[in-house]
Structure formats: C-alpha cells, structure tokens
$ cat work-v9.txt   # compact mmCIF, C-alpha atoms
# COMPACT_ATOMS: atom_id res chain seq x y z
CA MET A 1 -54.11 -17.11 -4.00
CA ARG A 2 -55.44 -13.68 -4.45
CA LYS A 3 -53.30 -10.76 -5.46
CA SER A 4 -54.37 -8.73 -2.41
CA THR A 5 -53.35 -11.58 -0.08
CA ILE A 6 -49.88 -11.73 -1.61
CA ILE A 7 -49.44 -7.97 -1.37
CA GLY A 8 -50.61 -8.04 2.25
CA ALA A 9 -48.15 -10.83 3.11
CA VAL A 10 -45.28 -8.91 1.50
CA LEU A 11 -46.19 -5.75 3.40
CA ILE A 12 -46.41 -7.59 6.72
CA GLY A 13 -43.05 -9.26 6.03
CA GLY A 14 -41.50 -5.88 5.21
CA ILE A 15 -42.82 -4.37 8.42
CA ALA A 16 -41.50 -7.30 10.43
CA LEU A 17 -38.06 -7.00 8.84
CA ALA A 18 -38.00 -3.25 9.45
CA GLY A 19 -38.06 -4.00 13.14
CA CYS A 20 -34.81 -5.98 12.71
CA SER A 21 -32.88 -3.15 11.11
CA PRO A 22 -30.70 -0.81 13.17
CA ALA A 23 -32.38 2.31 14.46
CA GLU A 24 -31.50 5.64 12.91
CA TYR A 25 -31.78 7.30 16.31
CA ALA A 26 -30.52 6.62 19.81
CA SER A 27 -32.56 4.03 21.64
CA GLU A 28 -32.93 3.28 25.31
CA GLN A 29 -33.21 -0.42 24.49
CA PRO A 30 -30.05 -2.49 24.88
CA PRO A 31 -28.64 -3.94 21.65
CA GLY A 32 -29.52 -7.49 20.78
CA PRO A 33 -27.13 -10.33 21.54
CA GLY A 34 -24.15 -10.43 19.18
CA THR A 35 -24.58 -6.81 18.10
CA PRO A 36 -21.21 -5.02 18.17
CA PRO A 37 -21.04 -1.73 20.05
CA ALA A 38 -21.35 1.41 17.95
CA ASN A 39 -17.73 2.37 18.62
CA ALA A 40 -16.34 -1.08 17.69
CA PRO A 41 -13.63 -1.04 15.02
CA GLN A 42 -14.81 -2.09 11.60
CA ARG A 43 -13.38 -5.29 10.13
CA VAL A 44 -11.46 -4.88 6.92
CA ALA A 45 -10.62 -7.57 4.38
CA ASP A 46 -6.96 -6.52 3.96
CA PRO A 47 -5.44 -5.12 7.19
CA ALA A 48 -2.22 -3.99 5.45
CA LYS A 49 -4.21 -1.99 2.91
CA ALA A 50 -6.40 -0.47 5.61
CA GLU A 51 -3.36 0.49 7.64
CA THR A 52 -1.71 2.40 4.77
CA GLU A 53 -5.02 4.00 3.78
CA ALA A 54 -5.32 5.38 7.31
CA HIS A 55 -2.16 7.38 6.71
CA GLY A 56 -1.53 10.29 4.39
CA PRO A 57 0.40 10.45 1.12
CA ALA A 58 3.74 11.08 2.86
CA ALA A 59 3.32 7.91 4.94
CA LYS A 60 2.37 5.88 1.86
CA LEU A 61 5.43 7.13 -0.02
CA LEU A 62 7.60 6.45 3.02
CA LEU A 63 6.35 2.88 3.23
CA ASN A 64 7.05 2.37 -0.48
CA ARG A 65 10.57 3.81 -0.19
CA GLU A 66 11.28 1.66 2.90
CA GLN A 67 10.22 -1.45 1.00
CA LEU A 68 12.51 -0.51 -1.89
CA ASN A 69 15.34 0.13 0.54
CA GLN A 70 14.75 -3.27 2.11
CA LEU A 71 15.02 -4.89 -1.33
CA ALA A 72 18.20 -2.94 -2.08
CA GLU A 73 19.78 -4.22 1.14
CA LEU A 74 18.73 -7.78 0.34
CA ALA A 75 20.23 -7.53 -3.14
CA GLU A 76 23.57 -6.32 -1.82
CA ALA A 77 23.74 -9.48 0.30
CA ASN A 78 21.86 -12.12 -1.73
CA ALA A 79 22.13 -11.28 -5.43
CA GLN A 80 24.35 -13.35 -7.71
CA SER A 81 24.76 -10.72 -10.44
CA PRO A 82 27.33 -8.00 -9.75
CA GLN A 83 25.20 -5.63 -11.89
CA ILE A 84 22.24 -6.16 -9.57
CA LYS A 85 24.45 -5.55 -6.55
CA GLN A 86 25.71 -2.33 -8.14
CA LEU A 87 22.17 -1.18 -9.03
CA ALA A 88 21.04 -2.00 -5.49
CA ALA A 89 23.85 0.16 -4.05
CA GLU A 90 22.85 3.05 -6.39
CA LEU A 91 19.21 2.62 -5.43
CA SER A 92 20.08 2.66 -1.75
CA GLY A 93 22.01 5.90 -2.23
CA GLN A 94 19.03 7.50 -3.99
CA LEU A 95 16.65 6.36 -1.28
CA ASP A 96 18.58 7.69 1.72
CA PRO A 97 17.69 11.39 1.22
CA GLN A 98 14.11 10.49 0.25
CA LEU A 99 13.68 8.42 3.39
CA ALA A 100 15.03 11.26 5.55
CA GLU A 101 12.69 13.80 3.96
CA LEU A 102 9.64 11.54 4.09
CA ASN A 103 10.37 10.60 7.72
CA ALA A 104 10.23 14.32 8.54
CA LEU A 105 6.94 14.79 6.66
CA ALA A 106 5.07 11.62 7.62
CA THR A 107 3.28 11.82 10.94
CA GLU A 108 3.00 8.06 11.24
CA ALA A 109 3.72 5.17 8.91
CA PRO A 110 3.21 1.44 9.26
CA GLU A 111 6.17 -0.91 9.35
CA PRO A 112 7.00 -2.31 5.93
CA PRO A 113 6.19 -5.98 5.54
CA GLU A 114 9.09 -8.38 5.27
CA SER A 115 10.07 -9.23 1.72
CA ASN A 116 9.40 -12.73 0.43
CA LEU A 117 12.97 -12.76 -0.85
CA GLY A 118 14.60 -12.92 2.59
CA GLY A 119 15.68 -16.55 2.30
CA THR A 120 16.32 -16.57 -1.45
CA THR A 121 19.88 -16.26 -2.78
CA GLY A 122 21.88 -16.54 -5.97
CA ALA A 123 20.38 -17.17 -9.39
CA ALA A 124 16.86 -17.70 -7.99
CA PHE A 125 17.02 -14.32 -6.24
CA ASP A 126 17.91 -12.10 -9.20
CA PRO A 127 14.76 -12.37 -11.40
CA GLN A 128 12.43 -12.20 -8.40
CA TRP A 129 14.27 -9.13 -7.12
CA LYS A 130 13.95 -7.35 -10.46
CA ARG A 131 10.22 -8.11 -10.59
CA GLU A 132 9.58 -6.88 -7.04
CA VAL A 133 11.66 -3.73 -7.56
CA ARG A 134 9.81 -2.97 -10.79
CA GLU A 135 6.44 -3.39 -9.02
CA LEU A 136 7.47 -1.13 -6.15
CA VAL A 137 8.86 1.49 -8.52
CA GLU A 138 5.59 1.53 -10.48
CA LYS A 139 3.55 1.71 -7.28
CA GLY A 140 5.80 4.47 -5.93
CA SER A 141 5.35 6.46 -9.12
CA ALA A 142 1.55 6.16 -8.86
CA LEU A 143 1.67 7.20 -5.20
CA ALA A 144 3.88 10.15 -6.13
CA GLU A 145 1.39 11.25 -8.80
CA ASP A 146 -1.32 11.30 -6.12
CA ALA A 147 0.97 13.05 -3.62
CA LYS A 148 1.83 15.94 -5.97
CA VAL A 149 -1.32 17.75 -4.83
CA LYS A 150 0.36 18.37 -1.47
CA PRO A 151 2.75 21.35 -1.76
CA GLU A 152 5.20 19.86 0.75
CA LEU A 153 5.44 16.66 -1.33
CA ARG A 154 5.65 18.14 -4.85
CA GLU A 155 9.45 18.13 -5.09
CA ILE A 156 10.03 14.63 -3.73
CA ALA A 157 7.09 13.29 -5.74
CA GLY A 158 8.68 14.74 -8.89
CA GLU A 159 11.97 13.02 -8.03
CA ILE A 160 10.26 9.68 -7.54
CA ILE A 161 8.40 9.98 -10.83
CA SER A 162 11.55 10.91 -12.77
CA GLN A 163 13.54 8.08 -11.15
CA ARG A 164 10.91 5.59 -12.32
CA GLU A 165 12.00 5.81 -15.96
CA GLN A 166 15.71 5.65 -15.07
CA LEU A 167 15.24 2.59 -12.89
CA ALA A 168 13.06 0.88 -15.50
CA GLN A 169 15.80 1.37 -18.09
CA LYS A 170 18.46 0.02 -15.75
CA LEU A 171 16.31 -3.01 -14.87
CA ASP A 172 15.69 -3.67 -18.58
CA ALA A 173 19.42 -3.46 -19.27
CA LEU A 174 20.02 -6.23 -16.72
CA GLY A 175 18.22 -8.63 -19.02
$ encode --input "work-v9.txt" --output "structure tokens"
Amino acid sequence: MRKSTIIGAVLIGGIALAGCSPAEYASEQPPGPGTPPANAPQRVADPAKAETEAHGPAAKLLLNREQLNQLAELAEANAQSPQIKQLAAELSGQLDPQLAELNALATEAPEPPESNLGGTTGAAFDPQWKREVRELVEKGSALAEDAKVKPELREIAGEIISQREQLAQKLDALG
C-alpha cells in the first residue's frame, strides 16, 4: 500500500470521527439517541465524596465533627474499656461547642454516614473504635489546615489542629 493512500485513509477517518464529536456551538439539530441533555447532572464515582466537595470548608469540618461525635456516642454505649468510655465522654464534651459553631457557619452539610461500628460491642469494638477515631482526627486536622484560609474558621481550625495531638496521645495511652 502506498504511503499517500494510508495518509488519505487516516485523514478521511479523522474527518468522519470529527462529525461524531459534540459541537462547540449551539446547533439546531436534535441530539442523537442516548445523548444526555446539556443540563443533566454529571455522574461521579463516589457520591459521598462529591457531596462533601460541593460544600465549603465549614460543612466539611462539620461533617467530620459529627462523625466523631457519632463515634463518641457509640463508645459510651458499646465500649468494653472504661478508659475508652471516659475518653469518649471527654471527646463529646469537646465536640459540642465545635458543632454549635460549625452549624452556625456551614450553609449546608450532608448527613454523616452511619458508622460501621453500630452493631459491634465489647472487646471487638474497642480497637476498631480507636482506629476510626484516629482516622477521623487525622482527616479533621487536614481539613482544618485547609480551612484556616477562611477568617471565620481560623479559630476553630486552630482548636481542631491542637486537639489532634492531645487525642493521639490519649489514644496511644489506651494501648
């Protein structure tokens, strides 16, 4: 086959495919079958992630604090260790003013997902609870670092960041 024939075939194929691509301008032609309307919502791989990304830093921090509060409440009821129950009560006390402040600042926040620990109790609960709390504390600290750019969030973000180290030490002391 000649080189010019191959180049011609590629060019013709490219022109044909160009007709299949979406127009960069408004067209009077109706869209092809199966084409979603222009105003259709985009599909996202992780709906929970997309939902929190649609909200601002205050809403993200609020969601994180609500999840921590949910874990604190679960620990007070389901933990076997009295030290975990005591830490959960302390944590809940620290979270109450933060939740109130973030509720006032957040315009809208998604509902926190239910914890996987809901049906777990006793000795099986304690190590899982510590792991989940540690993860949420780390995530909350990272969110607070990002939120410090907002003047209205600087103070609460600083609190969350400083509490991270204290909570990590207390979790480590539990063994």
$ atom_distance --input "work-v9.txt" --atom1 "CA of Ala157 (chain A)" --atom2 "CA of Ala144 (chain A)"
4.5 Å
$ atom_distance --input "work-v9.txt" --atom1 "CA of Arg164 (chain A)" --atom2 "CA of Ala89 (chain A)"
16.3 Å
$ residues_around --input "work-v9.txt" --residues "Glu101 (chain A)" --least-positions-apart "2" --cutoff "12 Å" --atoms "all atoms listed in the file" --output "list in words"
Ala58, Ala59, Leu61, Leu62, Arg65, Gln94, Leu95, Asp96, Pro97, Gln98, Leu99, Asn103, Ala104, Leu105, Ala106, Thr107, Glu152, Leu153, Glu155, Ile156 and Ala157 of chain A
$ residues_near_point --input "work-v9.txt" --point "(24.3, -13.2, -5.4)" --cutoff "9 Å" --atoms "only C-alpha atoms" --output "list in words"
Ala75, Glu76, Ala77, Asn78, Ala79, Gln80, Ser81, Pro82, Ile84, Lys85, Thr121, Gly122, Ala123, Phe125 and Asp126 of chain A
$ write_last_selection --input "work-v9.txt" --atoms "C-alpha atoms" --output "PDB file, in the coordinates of the input"
ATOM      1  CA  ALA A  75      20.230  -7.530  -3.140  1.00  0.00           C
ATOM      2  CA  GLU A  76      23.570  -6.320  -1.820  1.00  0.00           C
ATOM      3  CA  ALA A  77      23.740  -9.480   0.300  1.00  0.00           C
ATOM      4  CA  ASN A  78      21.860 -12.120  -1.730  1.00  0.00           C
ATOM      5  CA  ALA A  79      22.130 -11.280  -5.430  1.00  0.00           C
ATOM      6  CA  GLN A  80      24.350 -13.350  -7.710  1.00  0.00           C
ATOM      7  CA  SER A  81      24.760 -10.720 -10.440  1.00  0.00           C
ATOM      8  CA  PRO A  82      27.330  -8.000  -9.750  1.00  0.00           C
ATOM      9  CA  ILE A  84      22.240  -6.160  -9.570  1.00  0.00           C
ATOM     10  CA  LYS A  85      24.450  -5.550  -6.550  1.00  0.00           C
ATOM     11  CA  THR A 121      19.880 -16.260  -2.780  1.00  0.00           C
ATOM     12  CA  GLY A 122      21.880 -16.540  -5.970  1.00  0.00           C
ATOM     13  CA  ALA A 123      20.380 -17.170  -9.390  1.00  0.00           C
ATOM     14  CA  PHE A 125      17.020 -14.320  -6.240  1.00  0.00           C
ATOM     15  CA  ASP A 126      17.910 -12.100  -9.200  1.00  0.00           C
TER      16      ASP A 126
END
$ closest_residue --input "work-v9.txt" --among "A:Gln86, A:Thr5, A:Gln163, A:Ser115" --to "Leu74 (chain A)" --atoms "only C-alpha atoms"
A:Ser115
$ atom_distance --input "work-v9.txt" --atom1 "CA of Leu91 (chain A)" --atom2 "CA of Asn69 (chain A)"
7.5 Å
$ residues_around --input "work-v9.txt" --residues "Ser141 (chain A)" --least-positions-apart "4" --cutoff "9 Å" --atoms "all atoms listed in the file" --output "PyMOL selection string"
chain A and resi 136-137+145-146+157-158+160-164
$ build_atoms --input "work-v9.txt" --residues "region 82-112 of chain A" --atoms "N, CA and C atoms" --output "PDB file, in the coordinates of the input"
ATOM      1  N   PRO A  82      26.676  -9.211 -10.236  1.00  0.00           N
ATOM      2  CA  PRO A  82      27.330  -8.000  -9.750  1.00  0.00           C
ATOM      3  C   PRO A  82      26.615  -6.727 -10.220  1.00  0.00           C
ATOM      4  N   GLN A  83      25.945  -6.792 -11.396  1.00  0.00           N
ATOM      5  CA  GLN A  83      25.200  -5.630 -11.890  1.00  0.00           C
ATOM      6  C   GLN A  83      24.005  -5.327 -10.986  1.00  0.00           C
ATOM      7  N   ILE A  84      23.363  -6.374 -10.492  1.00  0.00           N
ATOM      8  CA  ILE A  84      22.240  -6.160  -9.570  1.00  0.00           C
ATOM      9  C   ILE A  84      22.753  -5.589  -8.261  1.00  0.00           C
ATOM     10  N   LYS A  85      23.869  -6.092  -7.789  1.00  0.00           N
ATOM     11  CA  LYS A  85      24.450  -5.550  -6.550  1.00  0.00           C
ATOM     12  C   LYS A  85      24.809  -4.082  -6.716  1.00  0.00           C
ATOM     13  N   GLN A  86      25.344  -3.723  -7.888  1.00  0.00           N
ATOM     14  CA  GLN A  86      25.710  -2.330  -8.140  1.00  0.00           C
ATOM     15  C   GLN A  86      24.446  -1.456  -8.225  1.00  0.00           C
ATOM     16  N   LEU A  87      23.424  -1.930  -8.933  1.00  0.00           N
ATOM     17  CA  LEU A  87      22.170  -1.180  -9.030  1.00  0.00           C
ATOM     18  C   LEU A  87      21.528  -1.032  -7.651  1.00  0.00           C
ATOM     19  N   ALA A  88      21.607  -2.064  -6.835  1.00  0.00           N
ATOM     20  CA  ALA A  88      21.040  -2.000  -5.490  1.00  0.00           C
ATOM     21  C   ALA A  88      21.773  -0.940  -4.657  1.00  0.00           C
ATOM     22  N   ALA A  89      23.080  -0.849  -4.785  1.00  0.00           N
ATOM     23  CA  ALA A  89      23.850   0.160  -4.050  1.00  0.00           C
ATOM     24  C   ALA A  89      23.455   1.570  -4.527  1.00  0.00           C
ATOM     25  N   GLU A  90      23.297   1.752  -5.852  1.00  0.00           N
ATOM     26  CA  GLU A  90      22.850   3.050  -6.390  1.00  0.00           C
ATOM     27  C   GLU A  90      21.460   3.395  -5.861  1.00  0.00           C
ATOM     28  N   LEU A  91      20.585   2.419  -5.890  1.00  0.00           N
ATOM     29  CA  LEU A  91      19.210   2.620  -5.430  1.00  0.00           C
ATOM     30  C   LEU A  91      19.197   3.016  -3.960  1.00  0.00           C
ATOM     31  N   SER A  92      19.999   2.342  -3.174  1.00  0.00           N
ATOM     32  CA  SER A  92      20.080   2.660  -1.750  1.00  0.00           C
ATOM     33  C   SER A  92      20.545   4.096  -1.540  1.00  0.00           C
ATOM     34  N   GLY A  93      21.529   4.524  -2.326  1.00  0.00           N
ATOM     35  CA  GLY A  93      22.010   5.900  -2.230  1.00  0.00           C
ATOM     36  C   GLY A  93      20.952   6.921  -2.605  1.00  0.00           C
ATOM     37  N   GLN A  94      20.122   6.599  -3.595  1.00  0.00           N
ATOM     38  CA  GLN A  94      19.030   7.500  -3.990  1.00  0.00           C
ATOM     39  C   GLN A  94      17.947   7.553  -2.924  1.00  0.00           C
ATOM     40  N   LEU A  95      17.742   6.443  -2.250  1.00  0.00           N
ATOM     41  CA  LEU A  95      16.650   6.360  -1.280  1.00  0.00           C
ATOM     42  C   LEU A  95      16.964   7.052   0.037  1.00  0.00           C
ATOM     43  N   ASP A  96      18.223   7.104   0.423  1.00  0.00           N
ATOM     44  CA  ASP A  96      18.580   7.690   1.720  1.00  0.00           C
ATOM     45  C   ASP A  96      18.017   9.097   1.927  1.00  0.00           C
ATOM     46  N   PRO A  97      18.256  10.047   0.990  1.00  0.00           N
ATOM     47  CA  PRO A  97      17.690  11.390   1.220  1.00  0.00           C
ATOM     48  C   PRO A  97      16.159  11.401   1.165  1.00  0.00           C
ATOM     49  N   GLN A  98      15.572  10.552   0.322  1.00  0.00           N
ATOM     50  CA  GLN A  98      14.110  10.490   0.250  1.00  0.00           C
ATOM     51  C   GLN A  98      13.527   9.985   1.560  1.00  0.00           C
ATOM     52  N   LEU A  99      14.159   8.970   2.117  1.00  0.00           N
ATOM     53  CA  LEU A  99      13.680   8.420   3.390  1.00  0.00           C
ATOM     54  C   LEU A  99      13.769   9.471   4.493  1.00  0.00           C
ATOM     55  N   ALA A 100      14.870  10.219   4.518  1.00  0.00           N
ATOM     56  CA  ALA A 100      15.030  11.260   5.550  1.00  0.00           C
ATOM     57  C   ALA A 100      13.945  12.320   5.406  1.00  0.00           C
ATOM     58  N   GLU A 101      13.702  12.763   4.185  1.00  0.00           N
ATOM     59  CA  GLU A 101      12.690  13.800   3.960  1.00  0.00           C
ATOM     60  C   GLU A 101      11.288  13.294   4.285  1.00  0.00           C
ATOM     61  N   LEU A 102      10.976  12.089   3.830  1.00  0.00           N
ATOM     62  CA  LEU A 102       9.640  11.540   4.090  1.00  0.00           C
ATOM     63  C   LEU A 102       9.433  11.239   5.569  1.00  0.00           C
ATOM     64  N   ASN A 103      10.484  10.820   6.267  1.00  0.00           N
ATOM     65  CA  ASN A 103      10.370  10.600   7.720  1.00  0.00           C
ATOM     66  C   ASN A 103      10.012  11.897   8.424  1.00  0.00           C
ATOM     67  N   ALA A 104      10.543  13.022   7.935  1.00  0.00           N
ATOM     68  CA  ALA A 104      10.230  14.320   8.540  1.00  0.00           C
ATOM     69  C   ALA A 104       8.800  14.755   8.230  1.00  0.00           C
ATOM     70  N   LEU A 105       8.283  14.350   7.077  1.00  0.00           N
ATOM     71  CA  LEU A 105       6.940  14.790   6.660  1.00  0.00           C
ATOM     72  C   LEU A 105       5.824  13.859   7.127  1.00  0.00           C
ATOM     73  N   ALA A 106       6.110  12.589   7.254  1.00  0.00           N
ATOM     74  CA  ALA A 106       5.070  11.620   7.620  1.00  0.00           C
ATOM     75  C   ALA A 106       4.844  11.664   9.122  1.00  0.00           C
ATOM     76  N   THR A 107       3.594  11.799   9.512  1.00  0.00           N
ATOM     77  CA  THR A 107       3.280  11.820  10.940  1.00  0.00           C
ATOM     78  C   THR A 107       3.370  10.433  11.542  1.00  0.00           C
ATOM     79  N   GLU A 108       2.978   9.441  10.754  1.00  0.00           N
ATOM     80  CA  GLU A 108       3.000   8.060  11.240  1.00  0.00           C
ATOM     81  C   GLU A 108       2.932   7.146  10.019  1.00  0.00           C
ATOM     82  N   ALA A 109       3.742   6.116  10.027  1.00  0.00           N
ATOM     83  CA  ALA A 109       3.720   5.170   8.910  1.00  0.00           C
ATOM     84  C   ALA A 109       3.803   3.751   9.456  1.00  0.00           C
ATOM     85  N   PRO A 110       3.128   2.836   8.823  1.00  0.00           N
ATOM     86  CA  PRO A 110       3.210   1.440   9.260  1.00  0.00           C
ATOM     87  C   PRO A 110       4.571   0.853   8.933  1.00  0.00           C
ATOM     88  N   GLU A 111       4.916  -0.200   9.625  1.00  0.00           N
ATOM     89  CA  GLU A 111       6.170  -0.910   9.350  1.00  0.00           C
ATOM     90  C   GLU A 111       6.037  -1.628   8.004  1.00  0.00           C
ATOM     91  N   PRO A 112       7.095  -1.581   7.193  1.00  0.00           N
ATOM     92  CA  PRO A 112       7.000  -2.310   5.930  1.00  0.00           C
ATOM     93  C   PRO A 112       6.975  -3.808   6.164  1.00  0.00           C
TER      94      PRO A 112
END
